[in-house]
Amino acid sequence: MKQENTKQRILDTALRLFSERGYDAVGVGEIAEAVGIKAPSLYNHFGGKRKIFDGIVEYVARRYEDGTDRIDIHVQDVKKDIPIFEEISEDALSEKVRQIFLYSLHDETVCRFRRMMTIEQFRSPALAGLYTERYVTRMVDYHAAIFRRLIDAGILVREEPEALALMYISPVAVLIGICDREPEREEECLERLGQHVRLFFRTYNIKRREGGSTPAPDRG
């Protein structure tokens with residue numbers, strides 16, 4: 001148990017230092033000192049700084065998955081979420097997106113990782129690719145798959161799913177970025193977030209556009 005605690009402290013400390021100063025500016029010895037161990041002890045847990053970074057990526061992915069699961073969203077598993085979005089109301093969608101937004105904004109680990117990746121995307125082609133995969137490609141693919149199913153079920157208007165996904169997630173990413181830089185604007189961003197989600201729902205949900213209720217999904 002003590003070994004696992006030390007490993008976790010290394011990950012948490014390294015993430016904090018990387019998010020504050022950048023990956024290249026922080027050495028292994030500095031991480032070890034901040035943790036309160038000797039550098040050779042750190043190598044008992046990780047083979048080097050890149051291994052620490054890889055451990056951070058895996059740890060944050062698990063943490064995000066656990067956090068969003070509690071909001072009943074499973075970005076890693078589209079099939080679990082399709083039934084939720086087939087029947088979701090405008091109010092419920094707005095509240096769910098608000099919860100995910102607040103979780104992403106205020107979970108210290110998730111927030112630090114996002115800030116670290118924002119810095120490192122301009123310093124390393126490999127990390128730039130990771131940033132794109134994690135914050136753009138993965139999110140577009142997930143939402144496009146959801147929208148494709150909703151279009152086929154006659155719930156959303158028939159438009160290009162990938163284009164709808166970009167239209168849907170881009171304002172959310174912009175608003176999170178504003179809050180990261182200017183946290184005092186959080187309430188303003190939350191209001192704009194709600195307006196965006198509701199406008200998207202009213203624009204592309206067929207029954208909402210027609211002034212009726214959302215149709216029951218086709219289970220066949």
# chains A, B, ... in the order shown; residues from 1 in each chain; ligands from 1
call {"tool": "residues_around", "arguments": {"residues": "Asp24 in chain A", "least_positions_apart": "3", "cutoff": "9 Å", "atoms": "only C-alpha atoms", "output": "list in words"}}
result
Phe18, Arg21, Gly27, Glu120 and Arg123 of chain A
call {"tool": "residues_around", "arguments": {"residues": "Lys96 in chain A", "least_positions_apart": "5", "cutoff": "9 Å", "atoms": "only C-alpha atoms", "output": "PyMOL selection string"}}
result
chain A and resi 71-73+91+101
call {"tool": "residues_around", "arguments": {"residues": "Ala25 in chain A", "least_positions_apart": "6", "cutoff": "12 Å", "atoms": "only C-alpha atoms", "output": "count of residues only"}}
result
10
call {"tool": "atom_distance", "arguments": {"atom1": "CA of Thr6 in chain A", "atom2": "CA of Glu20 in chain A"}}
result
21.1 Å
call {"tool": "atom_distance", "arguments": {"atom1": "CA of Cys189 in chain A", "atom2": "CA of Glu58 in chain A"}}
result
29.3 Å
call {"tool": "closest_residue", "arguments": {"among": "A:Ala165, A:Leu42, A:Val110, A:Val172", "to": "Thr137 in chain A", "atoms": "only C-alpha atoms"}}
result
A:Ala165
call {"tool": "residues_around", "arguments": {"residues": "Tyr43 in chain A", "least_positions_apart": "2", "cutoff": "12 Å", "atoms": "only C-alpha atoms", "output": "mmCIF file with N, CA, C and O atoms, in the first residue's frame"}}
result
data_model
loop_
_atom_site.group_PDB
_atom_site.id
_atom_site.type_symbol
_atom_site.label_atom_id
_atom_site.label_comp_id
_atom_site.auth_asym_id
_atom_site.auth_seq_id
_atom_site.Cartn_x
_atom_site.Cartn_y
_atom_site.Cartn_z
ATOM 1 N N THR A 6 3.087 6.076 -2.721
ATOM 2 C CA THR A 6 4.225 6.840 -3.231
ATOM 3 C C THR A 6 4.104 7.042 -4.730
ATOM 4 O O THR A 6 4.366 8.136 -5.251
ATOM 5 N N LYS A 7 3.698 6.009 -5.439
ATOM 6 C CA LYS A 7 3.523 6.114 -6.888
ATOM 7 C C LYS A 7 2.482 7.173 -7.230
ATOM 8 O O LYS A 7 2.688 7.984 -8.144
ATOM 9 N N ILE A 10 3.854 10.638 -6.666
ATOM 10 C CA ILE A 10 4.737 11.033 -7.769
ATOM 11 C C ILE A 10 3.913 11.571 -8.933
ATOM 12 O O ILE A 10 4.224 12.627 -9.511
ATOM 13 N N VAL A 28 13.532 15.129 -13.102
ATOM 14 C CA VAL A 28 13.164 14.015 -12.237
ATOM 15 C C VAL A 28 13.583 14.284 -10.800
ATOM 16 O O VAL A 28 12.839 13.988 -9.853
ATOM 17 N N GLY A 29 14.787 14.844 -10.620
ATOM 18 C CA GLY A 29 15.248 15.154 -9.276
ATOM 19 C C GLY A 29 14.336 16.130 -8.563
ATOM 20 O O GLY A 29 14.102 16.003 -7.352
ATOM 21 N N ILE A 31 11.099 16.514 -9.138
ATOM 22 C CA ILE A 31 9.868 15.795 -8.783
ATOM 23 C C ILE A 31 10.089 14.994 -7.508
ATOM 24 O O ILE A 31 9.269 15.028 -6.580
ATOM 25 N N ALA A 32 11.215 14.278 -7.458
ATOM 26 C CA ALA A 32 11.517 13.461 -6.277
ATOM 27 C C ALA A 32 11.608 14.332 -5.030
ATOM 28 O O ALA A 32 11.058 13.984 -3.973
ATOM 29 N N ILE A 37 11.228 12.217 -1.585
ATOM 30 C CA ILE A 37 12.010 10.993 -1.715
ATOM 31 C C ILE A 37 13.275 11.304 -2.506
ATOM 32 O O ILE A 37 13.412 12.382 -3.087
ATOM 33 N N LYS A 38 14.204 10.353 -2.531
ATOM 34 C CA LYS A 38 15.420 10.494 -3.317
ATOM 35 C C LYS A 38 15.140 10.080 -4.762
ATOM 36 O O LYS A 38 14.275 9.246 -5.032
ATOM 37 N N ALA A 39 15.913 10.639 -5.686
ATOM 38 C CA ALA A 39 15.723 10.315 -7.100
ATOM 39 C C ALA A 39 15.818 8.817 -7.381
ATOM 40 O O ALA A 39 14.996 8.276 -8.144
ATOM 41 N N PRO A 40 16.788 8.095 -6.790
ATOM 42 C CA PRO A 40 16.830 6.642 -7.045
ATOM 43 C C PRO A 40 15.554 5.930 -6.610
ATOM 44 O O PRO A 40 15.149 4.947 -7.245
ATOM 45 N N SER A 41 14.915 6.426 -5.547
ATOM 46 C CA SER A 41 13.659 5.822 -5.101
ATOM 47 C C SER A 41 12.558 6.035 -6.132
ATOM 48 O O SER A 41 11.709 5.170 -6.343
ATOM 49 N N HIS A 45 9.764 3.303 -9.129
ATOM 50 C CA HIS A 45 8.357 3.354 -9.528
ATOM 51 C C HIS A 45 8.189 3.662 -11.018
ATOM 52 O O HIS A 45 7.270 3.150 -11.659
ATOM 53 N N PHE A 46 9.067 4.513 -11.543
ATOM 54 C CA PHE A 46 8.971 4.924 -12.947
ATOM 55 C C PHE A 46 10.367 4.946 -13.549
ATOM 56 O O PHE A 46 11.308 5.427 -12.917
ATOM 57 N N GLY A 47 10.466 4.491 -14.792
ATOM 58 C CA GLY A 47 11.765 4.398 -15.438
ATOM 59 C C GLY A 47 12.335 5.709 -15.940
ATOM 60 O O GLY A 47 13.439 5.732 -16.491
ATOM 61 N N GLY A 48 11.636 6.791 -15.778
ATOM 62 C CA GLY A 48 12.097 8.092 -16.238
ATOM 63 C C GLY A 48 10.945 9.067 -16.332
ATOM 64 O O GLY A 48 9.790 8.722 -16.042
ATOM 65 N N LYS A 49 11.240 10.277 -16.777
ATOM 66 C CA LYS A 49 10.215 11.329 -16.801
ATOM 67 C C LYS A 49 9.109 11.014 -17.800
ATOM 68 O O LYS A 49 7.933 11.264 -17.540
ATOM 69 N N ARG A 50 9.473 10.433 -18.943
ATOM 70 C CA ARG A 50 8.437 10.108 -19.913
ATOM 71 C C ARG A 50 7.496 9.030 -19.372
ATOM 72 O O ARG A 50 6.293 9.048 -19.645
ATOM 73 N N LYS A 51 8.034 8.096 -18.600
ATOM 74 C CA LYS A 51 7.189 7.076 -17.982
ATOM 75 C C LYS A 51 6.233 7.711 -16.973
ATOM 76 O O LYS A 51 5.082 7.268 -16.830
ATOM 77 N N ILE A 52 6.717 8.723 -16.285
ATOM 78 C CA ILE A 52 5.832 9.454 -15.367
ATOM 79 C C ILE A 52 4.718 10.118 -16.162
ATOM 80 O O ILE A 52 3.538 10.051 -15.783
#
call {"tool": "closest_residue", "arguments": {"among": "A:Tyr103, A:Tyr23, A:Tyr168, A:Tyr59", "to": "Ile146 in chain A", "atoms": "only C-alpha atoms"}}
result
A:Tyr168
call {"tool": "select_by_dssp", "arguments": {"residues": "range 23-197 of chain A", "states": "helix (DSSP H, G or I)", "output": "ChimeraX atom specification"}}
result
/A:28-35,39-42,49-69,78-87,90-106,108-120,125-152,161-181,183-197
call {"tool": "residues_around", "arguments": {"residues": "Leu93 in chain A", "least_positions_apart": "4", "cutoff": "9 Å", "atoms": "only C-alpha atoms", "output": "short mmCIF file (atom, residue, chain, number, x, y, z; two decimals) with all heavy atoms, in the first residue's frame"}}
result
data_model
loop_
_atom_site.label_atom_id
_atom_site.label_comp_id
_atom_site.auth_asym_id
_atom_site.auth_seq_id
_atom_site.Cartn_x
_atom_site.Cartn_y
_atom_site.Cartn_z
N PHE A 85 -29.54 9.50 -24.57
CA PHE A 85 -29.78 10.64 -25.46
C PHE A 85 -30.98 10.44 -26.37
O PHE A 85 -31.51 11.41 -26.91
CB PHE A 85 -28.51 10.93 -26.28
CG PHE A 85 -27.41 11.53 -25.45
CD1 PHE A 85 -26.31 10.78 -25.09
CD2 PHE A 85 -27.49 12.84 -25.01
CE1 PHE A 85 -25.30 11.32 -24.32
CE2 PHE A 85 -26.49 13.39 -24.24
CZ PHE A 85 -25.38 12.64 -23.89
N ILE A 88 -33.70 11.97 -23.93
CA ILE A 88 -33.38 13.10 -23.06
C ILE A 88 -34.20 14.34 -23.45
O ILE A 88 -34.49 14.58 -24.62
CB ILE A 88 -31.86 13.41 -23.12
CG1 ILE A 88 -31.44 14.19 -21.87
CG2 ILE A 88 -31.50 14.17 -24.39
CD1 ILE A 88 -29.94 14.19 -21.66
N SER A 89 -34.59 15.11 -22.44
CA SER A 89 -35.31 16.36 -22.67
C SER A 89 -34.32 17.52 -22.77
O SER A 89 -33.14 17.39 -22.43
CB SER A 89 -36.28 16.62 -21.51
OG SER A 89 -35.57 16.90 -20.32
N VAL A 97 -24.97 18.56 -19.37
CA VAL A 97 -23.80 19.25 -19.92
C VAL A 97 -23.22 20.20 -18.88
O VAL A 97 -21.99 20.32 -18.76
CB VAL A 97 -24.17 20.00 -21.21
CG1 VAL A 97 -22.98 20.83 -21.71
CG2 VAL A 97 -24.61 19.02 -22.29
N ARG A 98 -24.06 20.84 -18.12
CA ARG A 98 -23.59 21.74 -17.06
C ARG A 98 -22.77 20.96 -16.02
O ARG A 98 -21.70 21.41 -15.60
CB ARG A 98 -24.80 22.41 -16.38
CG ARG A 98 -24.43 23.31 -15.20
CD ARG A 98 -25.70 23.80 -14.50
NE ARG A 98 -25.40 24.54 -13.30
CZ ARG A 98 -25.21 25.85 -13.24
NH1 ARG A 98 -25.31 26.58 -14.34
NH2 ARG A 98 -24.93 26.45 -12.09
N VAL A 197 -26.55 24.95 -25.51
CA VAL A 197 -27.14 23.61 -25.52
C VAL A 197 -28.61 23.66 -25.89
O VAL A 197 -29.10 22.86 -26.69
CB VAL A 197 -26.94 22.93 -24.15
CG1 VAL A 197 -27.70 21.60 -24.08
CG2 VAL A 197 -25.45 22.70 -23.88
N ARG A 198 -29.33 24.61 -25.32
CA ARG A 198 -30.76 24.72 -25.61
C ARG A 198 -31.01 25.12 -27.07
O ARG A 198 -31.93 24.61 -27.71
CB ARG A 198 -31.41 25.72 -24.65
CG ARG A 198 -31.47 25.19 -23.22
CD ARG A 198 -32.09 26.21 -22.26
NE ARG A 198 -32.14 25.69 -20.90
CZ ARG A 198 -33.08 24.88 -20.43
NH1 ARG A 198 -34.07 24.50 -21.24
NH2 ARG A 198 -33.05 24.44 -19.19
N PHE A 201 -30.43 22.05 -29.20
CA PHE A 201 -31.54 21.11 -29.06
C PHE A 201 -32.75 21.59 -29.86
O PHE A 201 -33.37 20.82 -30.60
CB PHE A 201 -31.90 20.99 -27.57
CG PHE A 201 -32.90 19.91 -27.27
CD1 PHE A 201 -32.48 18.64 -26.89
CD2 PHE A 201 -34.26 20.16 -27.37
CE1 PHE A 201 -33.41 17.63 -26.61
CE2 PHE A 201 -35.19 19.15 -27.09
CZ PHE A 201 -34.77 17.90 -26.71
#
call {"tool": "closest_atom_pairs", "arguments": {"of": "range 43-127 of chain A", "to": "range 180-185 of chain A", "cutoff": "9 Å", "atoms": "only C-alpha atoms", "output": "tab-separated table"}}
result
residue	atom	partner	partner_atom	distance
A:Leu105	CA	A:Asp180	CA	7.5
A:Cys111	CA	A:Asp180	CA	8.2
A:Arg115	CA	A:Asp180	CA	8.0
call {"tool": "write_last_selection", "arguments": {"atoms": "C-alpha atoms", "output": "PDB file, in the first residue's frame"}}
result
ATOM      1  CA  LEU A 105     -13.502  22.773 -14.753  1.00  0.00           C
ATOM      2  CA  CYS A 111      -7.937  20.738 -14.826  1.00  0.00           C
ATOM      3  CA  ARG A 115      -3.516  23.063 -18.663  1.00  0.00           C
TER       4      ARG A 115
END
